[in-house]
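> First, the structure itself, so that you have it in front of you.
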Amino acid sequence: MNPLAERIAAAIEREGPISIAQFMTMCLYDAEHGAYAARAPIGANGDYITAPEVSQTFGEMCGLWIVQTWHNQGRPQNPLIVELGPGRGTLMKDALRAIRAAAPKFLPQAEVKLVEISPAFKEMQTKTLAEASANIAWVSRFDDIVVDRPVYLIANEFFDCLPIRQYVKTATGWCEKVVAVENGALALALAKLPLPPALPGADVAPEGAVLETCSAAEAVIEDIARTVVGNGGAALLFDYGYDAPSFKDSLQAVARHKHADALSAPGASDLSAHVDFAALARAAEKGGAAVFGPRGQGDLLVDLGIEVRVQKLAFANPNQAKSIVAGVRRLIDPKEMGDLFRAIALVPPGSPNPPGFD
Ligand code: SAH
């Protein structure tokens, strides 16, 4: 067992089996050995690659979406840009460049706040954005931001790493999946006590179905919705997931671009799960927002004009034209990231429909 596994096993021996959410929290955020503590696992040399690392046009489209939404809402003064989980800082760098080009009056009056929990990622973002000449500050939680102005919030692959709980349907009802210690090693088990189903469709799901809930994601999006409704602005959230619960086990551990076993080496792989967009939309509506989508990332990016942008970029950089075009294909092709990755947008009720969600 690695040191984190030993610590988790000791806690289980002391206090009993832990939920998948508690296990994920320890694997990802443990200050010493967690996946996000010391390492920043995105990129060709990391565990996995994300849309802004595949093509600069992804961040550019996000920046243009913010500018267009701001225009549609009557160009409110002193906007605040927020990004949740900015990774290497690439999305924000590309977005700020596009915003500066499209709306020269936006950034001089704007503030940027980055919500980042990982010291390693924060250091990387500081470097990436050193020359962005924007007013940028960091916080570690969304609710640390005191919002007193219209907020334009963006996030890519933030919700998929928030801890989920899993329940399995047995002959006697839904039982929570837990991490226990068996024969000296961490192992999955089912809690004995059945629980009531909590999700639409759960009562008719077959035996063996897996139900996943993510209360952390629901709490954050409800808070975002209230903030957008109270102050004006909008949110655009990309992630991978499903429009309605699929009742399958979607938890995955990835290390160095391959599937890994989280139980045998906690902290050494990235853990994530599919995002339940229906649950997110319900939570955002509870917060009072008008919710648009989800729709596939590919269709959205095409409607926002990514194909025009990529042509220009390829024309201006003929030596890299092939890889530039291939990067955008990967983002929009339904067989690659175009369909599994989905987006929803939140605006205050009565605000014009957000770009790409007409
Ligand atoms: N958006 C980036 C990175 C996605 S990875 C991209 O598309 O490349 C997830 C990001 O969210 C990382 O920066 C990670 O450190 C951050 N993160 C994960 N959980 C978090 C939490 N609970 N609070 C704040 N940031 C978190």
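Identifiers in this document derive from the order of the structure tokens: chains are assigned A, B, ..., residues are numbered from 1 separately in each chain, and ligands are numbered from 1 in order of occurrence.
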Skip Gly173 (chain A) itself and residues of its chain fewer than 4 positions away, then list as a list in words all residues within 12 Å of it, counting only C-alpha atoms.
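Answer for this query is Tyr167, Val168, Lys169, Leu190, Ala191, Lys192, Leu193, Pro194, Leu195, Pro196, Pro197, Ala198, Ala202, Asp203, Val204, Ala205, Pro206, Glu207, Gly208, Ala209, Val210 and Leu211 of chain A.
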> Could you save those same residues with N, CA and C atoms as an mmCIF file, in the first residue's frame?

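Listed below is the output, result.cif:
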```cif
data_model
loop_
_atom_site.group_PDB
_atom_site.id
_atom_site.type_symbol
_atom_site.label_atom_id
_atom_site.label_comp_id
_atom_site.auth_asym_id
_atom_site.auth_seq_id
_atom_site.Cartn_x
_atom_site.Cartn_y
_atom_site.Cartn_z
ATOM 1 N N TYR A 167 -24.717 4.340 -5.486
ATOM 2 C CA TYR A 167 -25.647 3.392 -4.880
ATOM 3 C C TYR A 167 -25.917 2.289 -5.902
ATOM 4 N N VAL A 168 -26.015 1.076 -5.421
ATOM 5 C CA VAL A 168 -26.257 -0.054 -6.321
ATOM 6 C C VAL A 168 -27.613 -0.660 -5.969
ATOM 7 N N LYS A 169 -28.393 -0.965 -7.018
ATOM 8 C CA LYS A 169 -29.721 -1.557 -6.748
ATOM 9 C C LYS A 169 -29.572 -3.058 -6.508
ATOM 10 N N LEU A 190 -20.608 -3.197 -0.347
ATOM 11 C CA LEU A 190 -21.913 -2.531 -0.296
ATOM 12 C C LEU A 190 -22.338 -2.370 1.158
ATOM 13 N N ALA A 191 -22.805 -1.187 1.496
ATOM 14 C CA ALA A 191 -23.320 -0.987 2.848
ATOM 15 C C ALA A 191 -24.559 -1.850 3.021
ATOM 16 N N LYS A 192 -24.789 -2.309 4.236
ATOM 17 C CA LYS A 192 -25.884 -3.268 4.459
ATOM 18 C C LYS A 192 -27.271 -2.627 4.321
ATOM 19 N N LEU A 193 -27.390 -1.388 4.803
ATOM 20 C CA LEU A 193 -28.734 -0.803 4.884
ATOM 21 C C LEU A 193 -29.222 -0.251 3.558
ATOM 22 N N PRO A 194 -30.338 -0.719 3.041
ATOM 23 C CA PRO A 194 -30.874 -0.124 1.809
ATOM 24 C C PRO A 194 -31.382 1.294 2.051
ATOM 25 N N LEU A 195 -31.309 2.125 1.013
ATOM 26 C CA LEU A 195 -31.727 3.525 1.117
ATOM 27 C C LEU A 195 -32.815 3.798 0.096
ATOM 28 N N PRO A 196 -33.608 4.831 0.313
ATOM 29 C CA PRO A 196 -34.626 5.142 -0.701
ATOM 30 C C PRO A 196 -33.979 5.717 -1.958
ATOM 31 N N PRO A 197 -34.530 5.418 -3.152
ATOM 32 C CA PRO A 197 -33.960 5.993 -4.382
ATOM 33 C C PRO A 197 -34.162 7.504 -4.399
ATOM 34 N N ALA A 198 -33.165 8.233 -4.895
ATOM 35 C CA ALA A 198 -33.235 9.688 -4.802
ATOM 36 C C ALA A 198 -33.383 10.363 -6.155
ATOM 37 N N ALA A 202 -35.202 6.077 -10.677
ATOM 38 C CA ALA A 202 -34.488 5.105 -9.848
ATOM 39 C C ALA A 202 -35.379 3.924 -9.463
ATOM 40 N N ASP A 203 -36.661 4.188 -9.286
ATOM 41 C CA ASP A 203 -37.550 3.107 -8.832
ATOM 42 C C ASP A 203 -37.750 2.036 -9.895
ATOM 43 N N VAL A 204 -37.595 2.395 -11.181
ATOM 44 C CA VAL A 204 -37.790 1.388 -12.232
ATOM 45 C C VAL A 204 -36.469 0.847 -12.779
ATOM 46 N N ALA A 205 -35.332 1.307 -12.243
ATOM 47 C CA ALA A 205 -34.026 0.826 -12.729
ATOM 48 C C ALA A 205 -33.867 -0.652 -12.375
ATOM 49 N N PRO A 206 -33.182 -1.427 -13.235
ATOM 50 C CA PRO A 206 -33.048 -2.868 -12.969
ATOM 51 C C PRO A 206 -32.051 -3.151 -11.840
ATOM 52 N N GLU A 207 -32.108 -4.380 -11.336
ATOM 53 C CA GLU A 207 -31.144 -4.781 -10.311
ATOM 54 C C GLU A 207 -29.728 -4.656 -10.887
ATOM 55 N N GLY A 208 -28.795 -4.192 -10.108
ATOM 56 C CA GLY A 208 -27.420 -4.001 -10.598
ATOM 57 C C GLY A 208 -27.171 -2.587 -11.085
ATOM 58 N N ALA A 209 -28.244 -1.816 -11.284
ATOM 59 C CA ALA A 209 -28.069 -0.425 -11.744
ATOM 60 C C ALA A 209 -27.270 0.369 -10.705
ATOM 61 N N VAL A 210 -26.512 1.329 -11.193
ATOM 62 C CA VAL A 210 -25.711 2.174 -10.294
ATOM 63 C C VAL A 210 -26.245 3.594 -10.384
ATOM 64 N N LEU A 211 -26.540 4.159 -9.244
ATOM 65 C CA LEU A 211 -27.060 5.529 -9.204
ATOM 66 C C LEU A 211 -25.956 6.415 -8.623
#
```
> May I have the residues within 7 Å of region 160-166 of chain A as a PyMOL selection string, using only C-alpha atoms and disregarding those fewer than 4 positions away in the same chain?
chain A and resi 19-21+24-25+176-177+210-214+216-217+239+271-275
> Mind checking DSSP for region 106-316 of chain A and telling me the strand (DSSP E or B) residues as a PyMOL selection string?
chain A and resi 111-115+136-139+151-156+165-170+173-182+185-195+210-213+233-242+252-255+258-259+270-272+275-276+290-296
> Name all residues at most 12 Å from Ala40 (chain A) (count only C-alpha atoms; drop same-chain ones fewer than 3 positions away) and give them as a PyMOL selection string.
chain A and resi 28+34-37+43-49+85-89+116-125+255-256+268-270
> For ligand 1, which residue out of A:Ser140, A:Asn183, A:Gln77, A:Ser55 is the nearest one, using only C-alpha atoms and all ligand atoms?
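Closest to ligand 1, using only C-alpha atoms and all ligand atoms: A:Ser140.
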> Which residues, written as a PyMOL selection string, have at least one atom at most 12 Å from Ser323 (chain A), with only C-alpha atoms counted and residues fewer than 2 positions away on the same chain left out?
chain A and resi 54-56+310+313-314+317-321+325-330
> List the spatial neighbours of Glu83 (chain A) as a PyMOL selection string - criterion: any atom at most 12 Å away, only C-alpha atoms, same-chain residues fewer than 2 positions off excluded.
chain A and resi 59+62-63+66+80-81+85-93+95-96+111-116+125+136-142+145+151-158+224+234-238
> Do you have the CA of Pro76 (chain A)-CA of Pro108 (chain A) distance handy?
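Between CA of Pro76 (chain A) and CA of Pro108 (chain A) the gap is 13.3 Å.
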> Which is closest to Arg282 (chain A) among A:Ile344, A:Met337, A:Ile42, A:Val178, if we use only C-alpha atoms?
A:Ile344
> At a cut-off of 10 Å, using only C-alpha atoms, what residues contact Glu218 (chain A)? Leave out same-chain residues fewer than 5 positions from it and give the result as a ChimeraX atom specification.
/A:159,213,223-224,276-277,279-284,286
> Looking at only C-alpha atoms, which of A:Ala265, A:Ala343, A:Val181, A:Ala289 is the one that sits closest to Glu222 (chain A)?
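Selected residue with least distance to Glu222 (chain A): A:Ala289.
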> What's the 9 Å shell around Leu304 (chain A), counting only C-alpha atoms, without same-chain residues fewer than 6 positions away, as a ChimeraX atom specification?
/A:61,64-65,355-356
> Can those selected residues be exported to a file as a PDB file, in the first residue's frame so that it contains N, CA, C and O atoms?

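That gives us selection-v1.pdb:
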```
ATOM      1  N   MET A  61     -13.282  30.767 -28.252  1.00  0.00           N
ATOM      2  CA  MET A  61     -14.748  30.749 -28.377  1.00  0.00           C
ATOM      3  C   MET A  61     -15.390  31.111 -27.037  1.00  0.00           C
ATOM      4  O   MET A  61     -16.417  31.790 -27.000  1.00  0.00           O
ATOM      5  N   LEU A  64     -15.188  34.855 -26.703  1.00  0.00           N
ATOM      6  CA  LEU A  64     -16.151  35.533 -27.579  1.00  0.00           C
ATOM      7  C   LEU A  64     -17.576  35.349 -27.073  1.00  0.00           C
ATOM      8  O   LEU A  64     -18.414  36.249 -27.195  1.00  0.00           O
ATOM      9  N   TRP A  65     -17.843  34.190 -26.475  1.00  0.00           N
ATOM     10  CA  TRP A  65     -19.176  33.946 -25.891  1.00  0.00           C
ATOM     11  C   TRP A  65     -19.431  34.963 -24.765  1.00  0.00           C
ATOM     12  O   TRP A  65     -20.513  35.541 -24.668  1.00  0.00           O
ATOM     13  N   PRO A 355     -25.635  33.141 -26.534  1.00  0.00           N
ATOM     14  CA  PRO A 355     -25.164  32.744 -27.866  1.00  0.00           C
ATOM     15  C   PRO A 355     -24.996  31.229 -27.961  1.00  0.00           C
ATOM     16  O   PRO A 355     -24.478  30.606 -27.038  1.00  0.00           O
ATOM     17  N   GLY A 356     -25.441  30.671 -29.073  1.00  0.00           N
ATOM     18  CA  GLY A 356     -25.288  29.227 -29.275  1.00  0.00           C
ATOM     19  C   GLY A 356     -26.405  28.411 -28.646  1.00  0.00           C
ATOM     20  O   GLY A 356     -26.410  27.194 -28.744  1.00  0.00           O
TER      21      GLY A 356
END
```
